[in-house]
$ cat entry-v4.txt   # compact mmCIF, C-alpha atoms
# COMPACT_ATOMS: atom_id res chain seq x y z
CA MET A 1 -56.70 -54.07 -8.17
CA GLY A 2 -54.06 -52.58 -5.98
CA GLY A 3 -54.49 -52.03 -2.30
CA PRO A 4 -54.02 -48.85 -0.31
CA GLY A 5 -50.28 -49.44 -0.11
CA ARG A 6 -49.89 -49.53 -3.90
CA GLU A 7 -51.88 -46.28 -4.29
CA ALA A 8 -49.72 -44.59 -1.66
CA ASP A 9 -46.59 -45.69 -3.51
CA ALA A 10 -47.97 -44.26 -6.75
CA ARG A 11 -48.72 -40.90 -5.12
CA GLN A 12 -45.22 -40.78 -3.66
CA HIS A 13 -43.74 -41.57 -7.08
CA ARG A 14 -45.74 -38.77 -8.72
CA ARG A 15 -44.59 -36.28 -6.06
CA SER A 16 -40.95 -37.31 -6.51
CA LEU A 17 -41.23 -37.01 -10.28
CA SER A 18 -42.84 -33.58 -9.97
CA ARG A 19 -40.06 -32.34 -7.70
CA ALA A 20 -37.40 -33.67 -10.07
CA LEU A 21 -39.02 -31.98 -13.05
CA GLY A 22 -39.27 -28.75 -11.08
CA ARG A 23 -35.56 -28.81 -10.26
CA ARG A 24 -34.72 -29.47 -13.90
CA ASP A 25 -36.98 -26.58 -14.89
CA VAL A 26 -35.08 -24.29 -12.54
CA ARG A 27 -31.74 -25.43 -13.94
CA GLN A 28 -32.87 -24.97 -17.53
CA ARG A 29 -34.68 -21.66 -17.22
CA GLY A 30 -32.85 -20.15 -14.23
CA PRO A 31 -34.23 -19.47 -10.75
CA ARG A 32 -35.73 -16.10 -11.67
CA ARG A 33 -37.86 -17.54 -14.52
CA ALA A 34 -38.82 -20.60 -12.53
CA ALA A 35 -40.38 -18.41 -9.86
CA ASP A 36 -43.84 -16.98 -10.37
CA GLY A 37 -44.52 -13.33 -11.12
CA ALA A 38 -45.30 -12.46 -7.52
CA ASP A 39 -41.94 -13.74 -6.35
CA LEU A 40 -40.13 -11.73 -9.00
CA ARG A 41 -41.96 -8.60 -7.93
CA ARG A 42 -40.96 -9.21 -4.32
CA ASP A 43 -37.30 -9.45 -5.46
CA VAL A 44 -37.34 -6.02 -7.13
CA PRO A 45 -36.72 -3.95 -3.95
CA VAL A 46 -33.86 -6.27 -3.02
CA ARG A 47 -32.22 -5.90 -6.42
CA ARG A 48 -32.64 -2.13 -6.30
CA ALA A 49 -31.08 -1.97 -2.83
CA ARG A 50 -28.12 -4.00 -4.05
CA ARG A 51 -27.62 -1.64 -6.99
CA ARG A 52 -27.73 1.38 -4.67
CA ALA A 53 -25.16 -0.21 -2.34
CA TYR A 54 -22.92 -1.02 -5.30
CA ARG A 55 -23.10 2.57 -6.54
CA ARG A 56 -22.13 3.83 -3.07
CA LEU A 57 -19.10 1.55 -3.10
CA VAL A 58 -17.79 2.45 -6.54
CA ALA A 59 -18.78 6.11 -6.78
CA PRO A 60 -15.81 7.49 -4.80
CA ASP A 61 -13.41 5.75 -7.20
CA ALA A 62 -15.34 6.36 -10.38
CA GLY A 63 -14.40 8.41 -13.40
CA THR A 64 -11.48 10.78 -13.08
CA VAL A 65 -10.80 9.71 -9.48
CA THR A 66 -10.10 6.10 -10.41
CA ASP A 67 -7.52 6.83 -13.09
CA PRO A 68 -4.90 8.71 -11.00
CA ARG A 69 -5.19 6.17 -8.19
CA ARG A 70 -4.86 3.22 -10.54
CA GLU A 71 -1.93 4.85 -12.30
CA ALA A 72 -0.23 5.60 -8.97
CA LEU A 73 -0.62 2.00 -7.82
CA ASP A 74 0.71 0.70 -11.14
CA ARG A 75 3.69 3.06 -11.03
CA LEU A 76 4.50 2.18 -7.44
CA GLY A 77 4.06 -1.52 -8.22
CA LEU A 78 6.57 -1.31 -11.04
CA ALA A 79 9.05 0.43 -8.75
CA LEU A 80 8.46 -2.11 -5.99
CA SER A 81 9.13 -4.98 -8.41
CA ARG A 82 12.63 -3.58 -8.95
CA ILE A 83 13.26 -3.60 -5.21
CA GLU A 84 11.96 -7.15 -4.84
CA ALA A 85 14.20 -8.29 -7.71
CA CYS A 86 17.27 -7.01 -5.86
CA ARG A 87 18.49 -9.70 -3.46
CA GLU A 88 21.10 -7.31 -2.06
CA PHE A 89 18.40 -4.96 -0.74
CA ALA A 90 17.52 -7.55 1.91
CA ALA A 91 20.61 -6.39 3.82
CA LEU A 92 19.16 -2.87 3.95
CA VAL A 93 15.77 -3.76 5.44
CA PRO A 94 15.65 -2.26 8.96
CA GLU A 95 14.15 -3.75 12.10
CA VAL A 96 10.98 -1.72 11.58
CA ARG A 97 10.90 -2.98 7.98
CA THR A 98 10.81 -0.90 4.82
CA ASN A 99 7.90 0.96 3.34
CA PHE A 100 7.56 2.70 0.01
CA ALA A 101 5.01 5.52 -0.25
CA PHE A 102 3.71 7.43 -3.28
CA ALA A 103 1.38 10.39 -2.84
CA LEU A 104 -1.23 11.67 -5.25
CA PRO A 105 -0.99 15.31 -6.36
CA GLY A 106 -2.63 17.43 -3.68
CA ALA A 107 -2.61 14.59 -1.13
CA ALA A 108 -4.23 15.79 2.08
CA GLY A 109 -3.70 12.74 4.27
CA PRO A 110 -2.57 9.10 4.37
CA GLY A 111 -5.70 8.08 2.46
CA ASP A 112 -4.24 9.84 -0.59
CA VAL A 113 -0.91 8.04 -0.32
CA ALA A 114 -0.28 4.54 -1.69
CA ALA A 115 2.09 2.26 0.22
CA ILE A 116 2.80 -1.38 1.07
CA ASP A 117 0.24 -2.92 3.39
CA GLY A 118 2.35 -4.60 6.07
CA ARG A 119 5.61 -3.10 4.74
CA LEU A 120 8.45 -4.87 2.97
CA THR A 121 10.26 -7.64 4.82
CA VAL A 122 12.74 -10.43 4.05
CA VAL A 123 11.55 -13.89 3.00
CA GLY A 124 14.06 -16.57 2.06
CA GLY A 125 16.79 -13.98 1.79
CA LEU A 126 14.78 -11.83 -0.64
CA PRO A 127 12.98 -8.52 -0.07
CA ARG A 128 9.24 -9.19 -0.25
CA ALA A 129 6.16 -7.06 0.27
CA ALA A 130 4.11 -8.44 3.16
CA GLY A 131 0.86 -7.31 1.57
CA PRO A 132 -0.60 -5.50 -1.43
CA LEU A 133 -0.20 -1.87 -2.36
CA ARG A 134 -3.13 0.25 -1.26
CA PHE A 135 -4.00 3.78 -0.32
CA GLY A 136 -3.94 4.42 3.42
CA ALA A 137 -1.54 1.54 4.12
CA SER A 138 1.04 3.88 5.66
CA ASP A 139 0.60 6.58 8.25
CA HIS A 140 4.08 7.68 9.32
CA LEU A 141 5.80 7.63 5.92
CA ALA A 142 2.72 9.08 4.23
CA ARG A 143 2.73 12.04 6.60
CA ARG A 144 6.44 12.45 5.96
CA VAL A 145 5.87 12.80 2.21
CA ILE A 146 3.03 15.27 2.71
CA GLU A 147 5.11 17.33 5.14
CA LEU A 148 8.14 17.36 2.81
CA ARG A 149 5.88 18.54 0.01
CA ARG A 150 5.21 21.75 1.93
CA HIS A 151 8.84 22.65 1.24
CA ASP A 152 9.17 21.06 -2.21
CA PRO A 153 5.95 20.39 -4.17
CA ALA A 154 7.82 18.01 -6.50
CA ILE A 155 8.30 15.45 -3.72
CA ALA A 156 5.84 12.58 -4.14
CA CYS A 157 7.46 9.43 -2.77
CA ALA A 158 9.75 8.11 -0.06
CA LEU A 159 11.44 4.85 0.88
CA ASN A 160 13.21 4.07 4.15
CA PHE A 161 16.14 1.69 4.65
CA ARG A 162 18.54 0.55 7.32
CA TRP A 163 21.07 2.85 9.00
CA HIS A 164 24.43 1.62 10.26
CA GLU A 165 27.79 3.31 10.70
CA ARG A 166 29.27 1.31 7.84
CA ILE A 167 26.26 1.95 5.61
CA LEU A 168 26.57 5.64 6.45
CA ARG A 169 30.18 5.73 5.27
CA PHE A 170 29.17 4.09 2.01
CA VAL A 171 26.15 6.34 1.41
CA GLU A 172 28.29 9.42 2.05
CA ALA A 173 30.66 8.32 -0.71
CA TRP A 174 27.78 7.23 -2.97
CA ALA A 175 25.99 10.58 -2.67
CA GLU A 176 29.17 12.59 -3.16
CA GLY A 177 30.02 10.64 -6.29
CA ARG A 178 26.64 11.54 -7.80
CA GLY A 179 26.54 15.13 -6.69
CA LEU A 180 23.59 14.45 -4.38
CA GLU A 181 23.13 16.23 -1.09
CA LEU A 182 23.04 14.02 1.99
CA GLY A 183 20.94 15.43 4.80
CA THR A 184 20.94 14.53 8.46
CA LEU A 185 18.60 14.99 11.38
CA ASP A 186 19.74 14.63 14.97
CA ARG A 187 16.81 13.23 16.92
CA ALA A 188 18.68 13.95 20.14
CA GLU A 189 17.77 17.60 19.58
CA GLU A 190 14.05 16.88 19.50
CA PRO A 191 12.18 19.04 22.03
CA VAL A 192 11.17 17.18 25.16
CA SER A 193 7.58 18.34 24.68
CA LEU A 194 7.37 16.33 21.44
CA ILE A 195 8.94 13.10 22.65
CA GLY A 196 6.35 10.35 22.93
CA GLU A 197 3.56 12.53 21.56
CA ASP A 198 1.74 10.79 18.73
CA ARG A 199 2.13 12.59 15.36
CA ALA A 200 3.63 15.64 17.04
CA SER A 201 7.22 15.44 15.84
CA MET A 202 6.85 15.21 12.05
CA PRO A 203 6.59 18.96 11.32
CA TRP A 204 9.55 19.64 13.61
CA LYS A 205 11.67 16.93 11.97
CA VAL A 206 10.99 18.10 8.43
CA ASP A 207 11.47 21.79 9.27
CA ARG A 208 14.74 20.98 11.03
CA LEU A 209 16.01 18.88 8.13
CA VAL A 210 15.16 21.47 5.49
CA ALA A 211 16.66 24.30 7.52
CA ALA A 212 19.91 22.36 7.92
CA CYS A 213 20.03 21.92 4.12
CA GLY A 214 19.59 25.59 3.33
CA GLY A 215 15.88 25.39 2.59
CA ARG A 216 16.17 22.37 0.28
CA VAL A 217 14.78 18.86 0.62
CA PRO A 218 17.76 16.51 0.18
CA PRO A 219 17.15 13.42 -2.01
CA VAL A 220 18.72 11.18 0.64
CA PHE A 221 18.96 11.80 4.37
CA TYR A 222 19.04 9.97 7.66
CA GLU A 223 17.70 10.34 11.16
CA GLY A 224 19.93 9.53 14.09
CA ARG A 225 18.84 7.62 17.15
CA GLY A 226 16.01 9.02 19.18
CA TRP A 227 13.97 8.02 22.21
CA GLY A 228 12.63 4.58 21.28
CA LYS A 229 13.45 5.19 17.60
CA GLU A 230 15.57 3.19 15.19
CA PRO A 231 17.91 5.34 13.05
CA LEU A 232 16.93 5.21 9.38
CA PHE A 233 17.89 6.40 5.93
CA LEU A 234 15.28 7.83 3.59
CA LEU A 235 15.30 8.29 -0.16
CA VAL A 236 12.76 10.78 -1.52
CA GLY A 237 11.86 12.06 -4.96
CA ALA A 238 9.21 12.89 -7.51
CA ASP A 239 9.02 9.46 -9.15
CA PRO A 240 9.02 6.05 -7.43
CA LEU A 241 11.05 4.52 -10.27
CA THR A 242 13.88 6.98 -9.66
CA VAL A 243 13.78 6.29 -5.93
CA ALA A 244 13.71 2.52 -6.51
CA ASP A 245 16.64 2.68 -8.93
CA ARG A 246 18.69 4.62 -6.40
CA ALA A 247 17.82 2.14 -3.66
CA VAL A 248 18.85 -0.78 -5.88
CA ASP A 249 22.07 0.99 -6.86
CA ILE A 250 22.94 1.60 -3.21
CA ALA A 251 22.16 -2.00 -2.26
CA ARG A 252 24.19 -3.61 -5.05
CA ARG A 253 27.20 -1.33 -4.70
CA TYR A 254 27.19 -1.62 -0.91
CA HIS A 255 27.13 -5.41 -1.24
CA THR A 256 30.50 -5.38 -3.02
CA TRP A 257 31.95 -2.36 -1.20
CA SER A 258 35.15 -3.01 0.71
CA GLY A 259 35.41 0.29 2.57

$ encode --input "entry-v4.txt" --output "structure tokens"
Amino acid sequence: MGGPGREADARQHRRSLSRALGRRDVRQRGPRRAADGADLRRDVPVRRARRRAYRRLVAPDAGTVTDPRREALDRLGLALSRIEACREFAALVPEVRTNFAFALPGAAGPGDVAAIDGRLTVVGGLPRAAGPLRFGASDHLARRVIELRRHDPAIACALNFRWHERILRFVEAWAEGRGLELGTLDRAEEPVSLIGEDRASMPWKVDRLVAACGGRVPPVFYEGRGWGKEPLFLLVGADPLTVADRAVDIARRYHTWSG
């Protein structure tokens, strides 16, 4: 006969075996089936709450809303890939970096405009997007596109690049050779009341630019130096692929230009 110690060992062995079998049962049948009916019933409100939260997250982008946004991101992504494949464009990335914005039809604010999150910078001598494309990633350039669209509904995208006196001379010749109008905006003429005011100058800048171009939105233009502002070129258009191709053409031709 065994003593108390042997009986205690046997009980411990049975408990260990029972726990092991229980774990195997959970693995084989899944945690939901391994639980008893009461536990499953307690889980129902949790599962329903999760489904409601999921529906709240996906509903704004569901159905017809998802398709235009997905298509816009895909189109902008294809255009961006052409920029990133152009090593020469690295020389045209300004101090504030480059962004590339594409607005949905009827865009009412930056949330309806896709752009590069973190802008486009230079990595290892190559132009590279710092982050993914997403709606709401740009504020300034997005508002520019929306404001330009007031004067020309066909405008949907814009890309900024570096300004320099030598680049200006090249772009003047490039635009003339293609029959494209080159616009200019003198930031020195900006009203004092707008200087330093957040978001206040965009309508003035666009109105001034369009007025100087006879009521038209030029496909390429530049802003001169302003208070605390870097001068920049901008390419605008209806399709990001067209804008990207023009940017690549400028970059590659400027790289070999001897003027």

$ residues_around --input "entry-v4.txt" --residues "Pro110 in chain A" --least-positions-apart "5" --cutoff "10 Å" --atoms "all atoms listed in the file" --output "list in words"
Ala101, Ala103, Ala115, Phe135, Gly136, Ala137, Ser138, Asp139, His140, Leu141, Ala142, Arg143, Arg144, Val145 and Ile146 of chain A

$ residues_near_point --input "entry-v4.txt" --point "(19.1, 15.0, 4.5)" --cutoff "10 Å" --atoms "all atoms listed in the file" --output "list in words"
Leu180, Glu181, Leu182, Gly183, Thr184, Leu185, Val206, Arg208, Leu209, Val210, Ala212, Cys213, Arg216, Val217, Pro218, Pro219, Val220, Phe221, Tyr222, Glu223, Phe233, Leu234, Leu235 and Val236 of chain A

$ atom_distance --input "entry-v4.txt" --atom1 "CA of Arg70 in chain A" --atom2 "CA of Ala154 in chain A"
19.9 Å

$ atom_distance --input "entry-v4.txt" --atom1 "CA of Asn160 in chain A" --atom2 "CA of Arg225 in chain A"
14.6 Å

$ atom_distance --input "entry-v4.txt" --atom1 "CA of Asp207 in chain A" --atom2 "CA of Leu168 in chain A"
22.3 Å

$ closest_residue --input "entry-v4.txt" --among "A:Ala251, A:Leu80, A:Ile116, A:Leu104" --to "Val171 in chain A" --atoms "only C-alpha atoms"
A:Ala251

$ residues_around --input "entry-v4.txt" --residues "Pro127 in chain A" --least-positions-apart "3" --cutoff "9 Å" --atoms "all atoms listed in the file" --output "ChimeraX atom specification"
/A:83-91,93,120-124

$ closest_residue --input "entry-v4.txt" --among "A:Gly224, A:Pro68, A:Gly215, A:Pro203" --to "Asp186 in chain A" --atoms "all atoms listed in the file"
A:Gly224

$ closest_residue --input "entry-v4.txt" --among "A:Tyr254, A:Trp174, A:Phe102, A:Phe161" --to "Leu232 in chain A" --atoms "all atoms listed in the file"
A:Phe161

$ closest_residue --input "entry-v4.txt" --among "A:Ala173, A:Leu148, A:Ala188, A:Ala114" --to "Gly77 in chain A" --atoms "only C-alpha atoms"
A:Ala114

$ axis_aligned_box --input "entry-v4.txt" --around "range 141-145 of chain A" --padding-each-side "3 Å" --output "AutoDock Vina command-line options"
--center_x 4.6 --center_y 10.2 --center_z 4.4 --size_x 9.7 --size_y 11.2 --size_z 10.4

$ residues_around --input "entry-v4.txt" --residues "Arg82 in chain A" --least-positions-apart "6" --cutoff "9 Å" --atoms "all atoms listed in the file" --output "compact mmCIF listing (two decimals) with C-alpha atoms, in the frame of the given file"
# COMPACT_ATOMS: atom_id res chain seq x y z
CA LEU A 241 11.05 4.52 -10.27
CA ALA A 244 13.71 2.52 -6.51
CA ASP A 245 16.64 2.68 -8.93
CA VAL A 248 18.85 -0.78 -5.88
